[in-house]
Amino acid sequence: MSNFSLLIDGKAHPGAGIFDVINPATGQAFAQCPRADSALLDKAVAAAKAAFPAWSRTPAEARAALVNALADALEQRSDEFARLLTSEQGKPLPQAQFELMASVGTLRTFAAMKIEPVTLRDDERGTVIEHRKALGVVAAITPWNFPVVLMMNKVGPALVAGNTMVIKPAPTTPLTSLLFGEICRELLPAGVINIICDENDLGGQLTSHPDVAKVAFTGSTATGRKVMQSAGDGIKRVTLELGGNDAAIVLDDVDVADAAAKVFHGAMLNAGQICVAIKRAYVPSSIYDQFCTELARMAEAMVVDDGARQGAEIGPVQNRAQYEKVKEFLADAAARGAVIAGGAALDRPGYFIAPTIVRDVDRDARIVREEQFGPVLPVLPYDDVDALIDEVNDSPYGLAGTVWGKDRQRATEIAMQIESGTVWVNQHLAIDPEIPFRGAKQSGLGAELGQAGLHEYTQAHIVNIAA
Ligand code: NAD
């Protein structure tokens with residue numbers, strides 16, 4: 001079992017206790033993680049608070065250089081990180097390597113961004129300049145599906161803008177965050193980044209802590225609601241990146257084999273555990289049978305295996321609780337539709353679910369209305385695209401969505417009517433650190449990524465000078 005430490009005030013800390021970290025491909029513990037308690041959480045916030053004055057006054061170029069140094073170190077150790085990511089998260093190693101490269105790219109993109117003052121007025125009435133200042137201590141809370149890149153989405157802008165941080169990863173995927181702590185310990189001034197772990201028990205204390213200025217949260221809508229409530233007392237800044245139930249709208253002019261392949265991968269990548277995974281697909285009746293057959297063929301051909309094994313295409317679901325939840329969705333799919341591929345957990349240790357396609361499913365079934373977050377795709381026929389848009393929008397979620405069609409203009413016109421933060425046309429998962437990403441409705445609040453995402457880590461400050 002390897003040795004992992006919390007990072008508090010620039011020092012490795014053994015924590016107040018330990019808990020097991022499970023490899024989802026075996027269902028067995030493969031490492032132990034130190035956990036913080038309430039006193040250590042206070043210590044981490046105090047360290048971040050003490051580091052803030054000097055860090056926020058450090059010239060922006062020097063801060064950007066250190067963020068680039070973090071990126072370089074992460075890149076140098078990316079194989080080690082990717083192997084650990086596969087062990088704790090379950091994703092196939094090439095996908096873990098991709099997550100590492102995306103993380104490095106995100107840090108470098110933010111390091112290249114500038115926060116410039118904007119002159120809003122400069123005339124006979126006076127001069128008005130909008131400056132942007134760092135907020136203070138940022139609490140960053142991350143989920144278990146992309147523990148590395150979702151942490152970097154917060155580290156990059158928080159540090160570039162001059163904030164200090166307390167990071168808390170999900171209890172089932174804490175180790176890559178702690179490994180990143182080793183890099184921070186070598187490169188950053190003490191207290192600029194602190195990393196603590198918990199067993200799902202410290203989130204409330206962290207988000208309500210009087211010395212935390214902002215909460216950057218990625219996770220489920222249910223927890224996001226609690227975060228918003230607990231940040232309310234202090235009127236803290238919050239950004240929430242939450243759940244979704246993204247629809248793929250397939251139009252009748254697609255090349256069926258090509259579109260089916262893209263929709264399939266959009267639903268199954270990371271075993272379906274992506275906030276913006278395709279979670280329901282709508283296909284014109286005229287090509288429905290053919291489309292479903294293609295999806296089922298691909299599902300049956302997928303290699304489901306331990307992500308550390310060469311050739312694995314789909315790994316296990318990340319944790320036991322989620323595995324049990326996905327099995328409930330499988331039961332719902334079987335009761336309310338026709339399962340044409342998969343439909344069951346694999347008979348082996350670990351949390352493996354066969355990639356599942358369900359057709360002719362009731363439109364109000366749980367598998368259609370809720371977020372399954374697993375490798376199970378419901379496919380529904382439609383005839384009237386206008387009625388379909390209303391149906392797609394009839395959801396409390398509004399994260400993203402896709403439209404697929406050869407006629408780009410028609411596809412784009414449909415995309416414009418989807419109530420979500422992002423819609424991709426003829427592509428999926430085109431997430432780019434230069435482009436802001438946000439959820440509509442109950443899928444989120446505020447932006448992550450892009451210049452808009454950087455601004456979320458600042459307080460606008462107007463200086464208004466008389467003529
Ligand atoms: P989760 O909400 O259970 O946990 C997320 C984090 O919140 C974990 O670190 C957890 O320990 C912490 N937490 C638990 N209780 C808390 C509390 N009371 N206060 C503060 N923090 C608390 O989410 P999950 O199951 O780890 O992740 C899956 C969910 O995340 C899915 O709904 C998915 O769609 C969503 N997600 C959204 C995005 C996005 O960008 N919109 C990205 C990835 C995942």
# chains A, B, ... in the order shown; residues from 1 in each chain; ligands from 1
call {"tool": "residues_around", "arguments": {"residues": "Glu99 in chain A", "least_positions_apart": "4", "cutoff": "8 Å", "atoms": "only C-alpha atoms", "output": "ChimeraX atom specification"}}
result
/A:82,95,103,146,148-149
call {"tool": "write_last_selection", "arguments": {"atoms": "all heavy atoms", "output": "JSON list (two decimals), in the first residue's frame"}}
result
[["chain", "number", "residue", "atom", "x", "y", "z"],
["A", 82, "ALA", "N", -1.69, 8.70, -14.52],
["A", 82, "ALA", "CA", -2.71, 7.97, -15.29],
["A", 82, "ALA", "C", -2.94, 6.57, -14.71],
["A", 82, "ALA", "O", -4.08, 6.11, -14.58],
["A", 82, "ALA", "CB", -2.30, 7.91, -16.76],
["A", 95, "GLN", "N", -7.77, 6.47, -21.72],
["A", 95, "GLN", "CA", -8.67, 7.58, -21.34],
["A", 95, "GLN", "C", -8.11, 8.33, -20.13],
["A", 95, "GLN", "O", -8.29, 9.54, -20.00],
["A", 95, "GLN", "CB", -10.07, 7.05, -21.05],
["A", 95, "GLN", "CG", -10.77, 6.53, -22.30],
["A", 95, "GLN", "CD", -12.15, 5.96, -22.00],
["A", 95, "GLN", "OE1", -12.86, 6.39, -21.11],
["A", 95, "GLN", "NE2", -12.54, 4.94, -22.77],
["A", 103, "SER", "N", -5.71, 17.97, -18.55],
["A", 103, "SER", "CA", -5.42, 18.72, -17.33],
["A", 103, "SER", "C", -4.24, 19.65, -17.54],
["A", 103, "SER", "O", -4.27, 20.82, -17.13],
["A", 103, "SER", "CB", -5.09, 17.75, -16.19],
["A", 103, "SER", "OG", -6.16, 16.86, -15.98],
["A", 146, "PHE", "N", -14.15, 12.58, -13.14],
["A", 146, "PHE", "CA", -12.93, 13.13, -13.74],
["A", 146, "PHE", "C", -12.16, 13.88, -12.66],
["A", 146, "PHE", "O", -12.07, 15.11, -12.68],
["A", 146, "PHE", "CB", -13.27, 14.07, -14.91],
["A", 146, "PHE", "CG", -13.73, 13.34, -16.14],
["A", 146, "PHE", "CD1", -15.07, 13.04, -16.32],
["A", 146, "PHE", "CD2", -12.82, 12.94, -17.11],
["A", 146, "PHE", "CE1", -15.51, 12.35, -17.45],
["A", 146, "PHE", "CE2", -13.24, 12.25, -18.24],
["A", 146, "PHE", "CZ", -14.59, 11.95, -18.41],
["A", 148, "VAL", "N", -9.13, 14.47, -11.89],
["A", 148, "VAL", "CA", -7.94, 15.30, -12.14],
["A", 148, "VAL", "C", -8.33, 16.55, -12.93],
["A", 148, "VAL", "O", -8.06, 17.67, -12.52],
["A", 148, "VAL", "CB", -6.84, 14.50, -12.88],
["A", 148, "VAL", "CG1", -5.59, 15.36, -13.03],
["A", 148, "VAL", "CG2", -6.49, 13.23, -12.12],
["A", 149, "VAL", "N", -8.99, 16.37, -14.07],
["A", 149, "VAL", "CA", -9.24, 17.56, -14.91],
["A", 149, "VAL", "C", -10.24, 18.51, -14.24],
["A", 149, "VAL", "O", -10.11, 19.73, -14.34],
["A", 149, "VAL", "CB", -9.65, 17.17, -16.35],
["A", 149, "VAL", "CG1", -11.07, 16.66, -16.43],
["A", 149, "VAL", "CG2", -9.48, 18.36, -17.28]]
call {"tool": "residues_near_ligand", "arguments": {"ligand": "ligand 1", "cutoff": "8 Å", "atoms": "only C-alpha atoms and all ligand atoms", "output": "mmCIF file with N, CA and C atoms, in the first residue's frame"}}
result
data_model
loop_
_atom_site.group_PDB
_atom_site.id
_atom_site.type_symbol
_atom_site.label_atom_id
_atom_site.label_comp_id
_atom_site.auth_asym_id
_atom_site.auth_seq_id
_atom_site.Cartn_x
_atom_site.Cartn_y
_atom_site.Cartn_z
ATOM 1 N N ILE A 141 -14.414 21.655 -4.590
ATOM 2 C CA ILE A 141 -14.952 20.318 -4.263
ATOM 3 C C ILE A 141 -15.226 19.578 -5.564
ATOM 4 N N THR A 142 -14.660 18.386 -5.689
ATOM 5 C CA THR A 142 -14.708 17.682 -6.980
ATOM 6 C C THR A 142 -15.390 16.311 -6.852
ATOM 7 N N PRO A 143 -15.923 15.798 -7.959
ATOM 8 C CA PRO A 143 -16.578 14.486 -7.965
ATOM 9 C C PRO A 143 -15.606 13.388 -8.415
ATOM 10 N N TRP A 144 -16.137 12.180 -8.605
ATOM 11 C CA TRP A 144 -15.276 11.023 -8.843
ATOM 12 C C TRP A 144 -15.178 10.609 -10.316
ATOM 13 N N ASN A 145 -15.829 11.316 -11.216
ATOM 14 C CA ASN A 145 -15.789 10.825 -12.613
ATOM 15 C C ASN A 145 -14.563 11.314 -13.386
ATOM 16 N N PHE A 146 -14.152 12.582 -13.138
ATOM 17 C CA PHE A 146 -12.927 13.126 -13.744
ATOM 18 C C PHE A 146 -12.156 13.877 -12.657
ATOM 19 N N LEU A 150 -11.197 17.970 -13.490
ATOM 20 C CA LEU A 150 -12.159 18.872 -12.842
ATOM 21 C C LEU A 150 -11.496 19.657 -11.709
ATOM 22 N N LYS A 168 -10.984 19.617 -1.895
ATOM 23 C CA LYS A 168 -11.487 18.389 -1.278
ATOM 24 C C LYS A 168 -12.042 17.461 -2.365
ATOM 25 N N PRO A 169 -11.316 16.395 -2.689
ATOM 26 C CA PRO A 169 -11.805 15.467 -3.716
ATOM 27 C C PRO A 169 -12.898 14.554 -3.164
ATOM 28 N N ALA A 170 -13.531 13.795 -4.056
ATOM 29 C CA ALA A 170 -14.539 12.813 -3.637
ATOM 30 C C ALA A 170 -13.837 11.677 -2.889
ATOM 31 N N PRO A 171 -14.498 11.099 -1.889
ATOM 32 C CA PRO A 171 -13.847 10.076 -1.067
ATOM 33 C C PRO A 171 -13.476 8.800 -1.839
ATOM 34 N N ASP A 198 -11.971 13.520 2.942
ATOM 35 C CA ASP A 198 -12.978 13.189 3.953
ATOM 36 C C ASP A 198 -13.730 11.942 3.522
ATOM 37 N N GLU A 199 -14.650 11.514 4.348
ATOM 38 C CA GLU A 199 -15.519 10.396 3.972
ATOM 39 C C GLU A 199 -16.935 10.934 3.786
ATOM 40 N N ASN A 200 -17.032 11.970 2.966
ATOM 41 C CA ASN A 200 -18.316 12.636 2.676
ATOM 42 C C ASN A 200 -18.883 13.335 3.894
ATOM 43 N N ASP A 201 -18.017 13.735 4.837
ATOM 44 C CA ASP A 201 -18.534 14.321 6.073
ATOM 45 C C ASP A 201 -18.098 15.777 6.306
ATOM 46 N N LEU A 202 -17.192 16.300 5.499
ATOM 47 C CA LEU A 202 -16.666 17.638 5.800
ATOM 48 C C LEU A 202 -17.160 18.718 4.837
ATOM 49 N N GLY A 203 -17.954 18.330 3.834
ATOM 50 C CA GLY A 203 -18.397 19.301 2.824
ATOM 51 C C GLY A 203 -19.142 20.476 3.428
ATOM 52 N N GLY A 204 -20.045 20.195 4.346
ATOM 53 C CA GLY A 204 -20.856 21.263 4.946
ATOM 54 C C GLY A 204 -19.990 22.253 5.715
ATOM 55 N N GLN A 205 -19.039 21.728 6.477
ATOM 56 C CA GLN A 205 -18.157 22.620 7.258
ATOM 57 C C GLN A 205 -17.315 23.489 6.321
ATOM 58 N N LEU A 206 -16.863 22.892 5.244
ATOM 59 C CA LEU A 206 -16.005 23.652 4.319
ATOM 60 C C LEU A 206 -16.799 24.747 3.600
ATOM 61 N N THR A 207 -17.994 24.397 3.129
ATOM 62 C CA THR A 207 -18.744 25.377 2.331
ATOM 63 C C THR A 207 -19.350 26.492 3.181
ATOM 64 N N PHE A 217 -17.779 24.180 -7.019
ATOM 65 C CA PHE A 217 -18.280 22.815 -6.785
ATOM 66 C C PHE A 217 -18.641 22.127 -8.095
ATOM 67 N N THR A 218 -18.214 20.886 -8.244
ATOM 68 C CA THR A 218 -18.712 20.027 -9.318
ATOM 69 C C THR A 218 -19.220 18.749 -8.681
ATOM 70 N N GLY A 219 -20.450 18.387 -8.993
ATOM 71 C CA GLY A 219 -21.034 17.168 -8.430
ATOM 72 C C GLY A 219 -22.501 17.096 -8.788
ATOM 73 N N SER A 220 -23.257 16.375 -7.980
ATOM 74 C CA SER A 220 -24.663 16.148 -8.325
ATOM 75 C C SER A 220 -25.517 17.369 -7.991
ATOM 76 N N THR A 221 -26.666 17.439 -8.609
ATOM 77 C CA THR A 221 -27.585 18.549 -8.345
ATOM 78 C C THR A 221 -28.054 18.516 -6.895
ATOM 79 N N ALA A 222 -28.257 17.312 -6.352
ATOM 80 C CA ALA A 222 -28.725 17.211 -4.960
ATOM 81 C C ALA A 222 -27.699 17.823 -4.009
ATOM 82 N N THR A 223 -26.423 17.527 -4.204
ATOM 83 C CA THR A 223 -25.402 18.097 -3.316
ATOM 84 C C THR A 223 -25.208 19.583 -3.625
ATOM 85 N N GLY A 224 -25.314 19.954 -4.893
ATOM 86 C CA GLY A 224 -25.182 21.363 -5.273
ATOM 87 C C GLY A 224 -26.186 22.243 -4.544
ATOM 88 N N LYS A 226 -27.383 21.670 -1.573
ATOM 89 C CA LYS A 226 -26.896 21.839 -0.183
ATOM 90 C C LYS A 226 -25.767 22.859 -0.137
ATOM 91 N N VAL A 227 -24.896 22.827 -1.150
ATOM 92 C CA VAL A 227 -23.765 23.758 -1.178
ATOM 93 C C VAL A 227 -24.282 25.187 -1.245
ATOM 94 N N SER A 230 -25.686 26.208 2.087
ATOM 95 C CA SER A 230 -24.729 26.424 3.165
ATOM 96 C C SER A 230 -23.827 27.621 2.878
ATOM 97 N N LEU A 240 -21.445 26.324 -9.550
ATOM 98 C CA LEU A 240 -21.949 24.959 -9.422
ATOM 99 C C LEU A 240 -21.993 24.318 -10.805
ATOM 100 N N GLU A 241 -21.279 23.233 -10.963
ATOM 101 C CA GLU A 241 -21.347 22.439 -12.204
ATOM 102 C C GLU A 241 -22.011 21.129 -11.816
ATOM 103 N N LEU A 242 -23.255 20.932 -12.223
ATOM 104 C CA LEU A 242 -24.070 19.862 -11.642
ATOM 105 C C LEU A 242 -24.468 18.804 -12.668
ATOM 106 N N GLY A 243 -25.511 18.085 -12.358
ATOM 107 C CA GLY A 243 -25.909 16.955 -13.193
ATOM 108 C C GLY A 243 -26.631 17.370 -14.470
ATOM 109 N N GLY A 244 -26.884 16.389 -15.328
ATOM 110 C CA GLY A 244 -27.576 16.666 -16.578
ATOM 111 C C GLY A 244 -28.336 15.442 -17.062
ATOM 112 N N GLN A 273 -20.249 7.813 -17.335
ATOM 113 C CA GLN A 273 -20.173 8.680 -16.146
ATOM 114 C C GLN A 273 -19.545 10.027 -16.507
ATOM 115 N N ILE A 274 -20.245 10.746 -17.338
ATOM 116 C CA ILE A 274 -19.823 12.081 -17.741
ATOM 117 C C ILE A 274 -21.037 12.977 -17.552
ATOM 118 N N CYS A 275 -20.795 14.172 -16.979
ATOM 119 C CA CYS A 275 -21.930 15.064 -16.757
ATOM 120 C C CYS A 275 -22.663 15.318 -18.070
ATOM 121 N N VAL A 276 -21.882 15.460 -19.176
ATOM 122 C CA VAL A 276 -22.482 15.764 -20.471
ATOM 123 C C VAL A 276 -22.584 14.525 -21.375
ATOM 124 N N GLN A 322 -22.885 3.766 -6.876
ATOM 125 C CA GLN A 322 -23.320 4.095 -8.236
ATOM 126 C C GLN A 322 -23.688 2.821 -9.004
ATOM 127 N N GLU A 371 -31.044 11.084 -14.391
ATOM 128 C CA GLU A 371 -29.645 10.936 -14.814
ATOM 129 C C GLU A 371 -29.142 9.544 -14.404
ATOM 130 N N PHE A 373 -26.163 8.029 -15.292
ATOM 131 C CA PHE A 373 -24.725 8.058 -14.982
ATOM 132 C C PHE A 373 -24.117 6.660 -15.007
ATOM 133 N N LEU A 399 -27.944 20.920 -19.004
ATOM 134 C CA LEU A 399 -26.486 21.014 -19.056
ATOM 135 C C LEU A 399 -25.998 21.201 -20.497
ATOM 136 N N PHE A 437 -18.074 27.092 -20.017
ATOM 137 C CA PHE A 437 -18.993 25.961 -19.905
ATOM 138 C C PHE A 437 -19.897 26.239 -18.710
ATOM 139 N N ARG A 438 -21.223 26.145 -18.922
ATOM 140 C CA ARG A 438 -22.147 26.427 -17.820
ATOM 141 C C ARG A 438 -23.392 25.553 -17.962
ATOM 142 N N GLY A 439 -24.053 25.340 -16.852
ATOM 143 C CA GLY A 439 -25.322 24.617 -16.888
ATOM 144 C C GLY A 439 -26.477 25.585 -16.802
ATOM 145 N N SER A 443 -28.856 22.486 -13.707
ATOM 146 C CA SER A 443 -27.553 21.888 -14.033
ATOM 147 C C SER A 443 -26.385 22.763 -13.625
ATOM 148 N N GLY A 444 -26.653 23.930 -13.085
ATOM 149 C CA GLY A 444 -25.501 24.697 -12.620
ATOM 150 C C GLY A 444 -25.753 26.170 -12.463
ATOM 151 N N GLU A 448 -17.602 27.815 -15.786
ATOM 152 C CA GLU A 448 -16.278 27.255 -15.556
ATOM 153 C C GLU A 448 -15.591 27.299 -16.923
#
call {"tool": "residues_around", "arguments": {"residues": "range 380-396 of chain A", "least_positions_apart": "4", "cutoff": "8 Å", "atoms": "only C-alpha atoms", "output": "ChimeraX atom specification"}}
result
/A:245,247,280-285,288,359-361,363,369,414,417-419,441-443
call {"tool": "residues_around", "arguments": {"residues": "Val303 in chain A", "least_positions_apart": "2", "cutoff": "8 Å", "atoms": "only C-alpha atoms", "output": "ChimeraX atom specification"}}
result
/A:301,305,311-314
call {"tool": "select_by_dssp", "arguments": {"residues": "range 207-342 of chain A", "states": "strand (DSSP E or B)", "output": "ChimeraX atom specification"}}
result
/A:214-218,237-241,247-250,280-284,304,314,338-341
call {"tool": "residues_around", "arguments": {"residues": "Ile367 in chain A", "least_positions_apart": "2", "cutoff": "10 Å", "atoms": "only C-alpha atoms", "output": "count of residues only"}}
result
25
call {"tool": "closest_residue", "arguments": {"among": "A:Ala134, A:Ile167, A:Ala260, A:Leu429", "to": "Ser56 in chain A", "atoms": "only C-alpha atoms"}}
result
A:Ala134
call {"tool": "residues_around", "arguments": {"residues": "Gln427 in chain A", "least_positions_apart": "3", "cutoff": "8 Å", "atoms": "only C-alpha atoms", "output": "list in words"}}
result
Lys262, Thr402, Trp404, Trp424 and Ala430 of chain A
call {"tool": "write_last_selection", "arguments": {"atoms": "N, CA and C atoms", "output": "PDB file, in the first residue's frame"}}
result
ATOM      1  N   LYS A 262     -21.176   7.812 -33.348  1.00  0.00           N
ATOM      2  CA  LYS A 262     -20.844   8.992 -32.533  1.00  0.00           C
ATOM      3  C   LYS A 262     -21.763   9.089 -31.308  1.00  0.00           C
ATOM      4  N   THR A 402     -26.859  17.454 -27.937  1.00  0.00           N
ATOM      5  CA  THR A 402     -26.272  17.373 -29.279  1.00  0.00           C
ATOM      6  C   THR A 402     -27.376  17.293 -30.319  1.00  0.00           C
ATOM      7  N   TRP A 404     -27.644  16.141 -34.511  1.00  0.00           N
ATOM      8  CA  TRP A 404     -26.893  15.453 -35.563  1.00  0.00           C
ATOM      9  C   TRP A 404     -27.667  15.533 -36.875  1.00  0.00           C
ATOM     10  N   TRP A 424     -23.863  20.961 -28.827  1.00  0.00           N
ATOM     11  CA  TRP A 424     -22.896  20.649 -29.868  1.00  0.00           C
ATOM     12  C   TRP A 424     -23.634  20.161 -31.112  1.00  0.00           C
ATOM     13  N   ALA A 430     -16.952  18.559 -27.040  1.00  0.00           N
ATOM     14  CA  ALA A 430     -15.926  19.483 -27.529  1.00  0.00           C
ATOM     15  C   ALA A 430     -15.647  20.518 -26.435  1.00  0.00           C
TER      16      ALA A 430
END
call {"tool": "atom_distance", "arguments": {"atom1": "CA of His428 in chain A", "atom2": "CA of Met268 in chain A"}}
result
12.0 Å
call {"tool": "closest_residue", "arguments": {"among": "A:Leu445, A:Ala440, A:Val137, A:Ile357", "to": "Glu294 in chain A", "atoms": "only C-alpha atoms"}}
result
A:Ile357
call {"tool": "closest_residue", "arguments": {"among": "A:Thr127, A:Ser177, A:Ser286, A:Ser87", "to": "Ile465 in chain A", "atoms": "only C-alpha atoms"}}
result
A:Thr127
call {"tool": "closest_residue", "arguments": {"among": "A:Pro117, A:Pro355, A:Pro157, A:Pro349", "to": "Val67 in chain A", "atoms": "only C-alpha atoms"}}
result
A:Pro157
call {"tool": "closest_residue", "arguments": {"among": "A:Arg108, A:Arg185, A:Lys91, A:Arg410", "to": "Gly307 in chain A", "atoms": "only C-alpha atoms"}}
result
A:Lys91
call {"tool": "residues_around", "arguments": {"residues": "Ala69 in chain A", "least_positions_apart": "5", "cutoff": "10 Å", "atoms": "only C-alpha atoms", "output": "ChimeraX atom specification"}}
result
/A:63-64,74-75,107-108,111,183-184,187-188
call {"tool": "write_last_selection", "arguments": {"atoms": "N, CA and C atoms", "output": "PDB file, in the first residue's frame"}}
result
ATOM      1  N   ARG A  63       2.760  34.417 -10.948  1.00  0.00           N
ATOM      2  CA  ARG A  63       1.757  33.384 -10.641  1.00  0.00           C
ATOM      3  C   ARG A  63       1.534  32.498 -11.867  1.00  0.00           C
ATOM      4  N   ALA A  64       1.436  33.123 -13.042  1.00  0.00           N
ATOM      5  CA  ALA A  64       1.227  32.336 -14.267  1.00  0.00           C
ATOM      6  C   ALA A  64       2.406  31.389 -14.503  1.00  0.00           C
ATOM      7  N   LEU A  74       3.204  18.034 -13.920  1.00  0.00           N
ATOM      8  CA  LEU A  74       2.123  17.059 -14.131  1.00  0.00           C
ATOM      9  C   LEU A  74       2.384  16.268 -15.409  1.00  0.00           C
ATOM     10  N   GLU A  75       2.832  16.968 -16.424  1.00  0.00           N
ATOM     11  CA  GLU A  75       3.123  16.297 -17.691  1.00  0.00           C
ATOM     12  C   GLU A  75       4.259  15.275 -17.529  1.00  0.00           C
ATOM     13  N   LEU A 107      -4.333  23.881 -17.438  1.00  0.00           N
ATOM     14  CA  LEU A 107      -3.462  24.765 -16.637  1.00  0.00           C
ATOM     15  C   LEU A 107      -2.744  25.756 -17.541  1.00  0.00           C
ATOM     16  N   ARG A 108      -2.226  25.260 -18.676  1.00  0.00           N
ATOM     17  CA  ARG A 108      -1.475  26.176 -19.562  1.00  0.00           C
ATOM     18  C   ARG A 108      -2.382  27.236 -20.176  1.00  0.00           C
ATOM     19  N   ALA A 111      -2.894  29.832 -17.577  1.00  0.00           N
ATOM     20  CA  ALA A 111      -1.654  30.591 -17.335  1.00  0.00           C
ATOM     21  C   ALA A 111      -1.461  31.666 -18.412  1.00  0.00           C
ATOM     22  N   ILE A 183       3.295  17.669  -5.926  1.00  0.00           N
ATOM     23  CA  ILE A 183       3.819  18.664  -6.885  1.00  0.00           C
ATOM     24  C   ILE A 183       3.659  20.072  -6.303  1.00  0.00           C
ATOM     25  N   CYS A 184       2.490  20.331  -5.735  1.00  0.00           N
ATOM     26  CA  CYS A 184       2.242  21.661  -5.152  1.00  0.00           C
ATOM     27  C   CYS A 184       3.234  21.937  -4.026  1.00  0.00           C
ATOM     28  N   LEU A 187       6.502  23.071  -5.489  1.00  0.00           N
ATOM     29  CA  LEU A 187       6.575  24.252  -6.357  1.00  0.00           C
ATOM     30  C   LEU A 187       5.939  25.524  -5.791  1.00  0.00           C
ATOM     31  N   LEU A 188       4.937  25.390  -4.939  1.00  0.00           N
ATOM     32  CA  LEU A 188       4.172  26.583  -4.547  1.00  0.00           C
ATOM     33  C   LEU A 188       4.549  27.054  -3.148  1.00  0.00           C
TER      34      LEU A 188
END
call {"tool": "closest_residue", "arguments": {"among": "A:Gly272, A:Gly10, A:Pro147, A:Pro174", "to": "Arg35 in chain A", "atoms": "only C-alpha atoms"}}
result
A:Pro174
call {"tool": "select_by_dssp", "arguments": {"residues": "range 190-369 of chain A", "states": "alpha helix (DSSP H)", "output": "number ranges by chain"}}
result
A: 203-208, 221-232, 256-268, 285-301, 320-336, 366-369
call {"tool": "atom_distance", "arguments": {"atom1": "CA of Asp72 in chain A", "atom2": "CA of Asp306 in chain A"}}
result
29.0 Å
call {"tool": "atom_distance", "arguments": {"atom1": "CA of Pro59 in chain A", "atom2": "CA of Gln451 in chain A"}}
result
18.9 Å
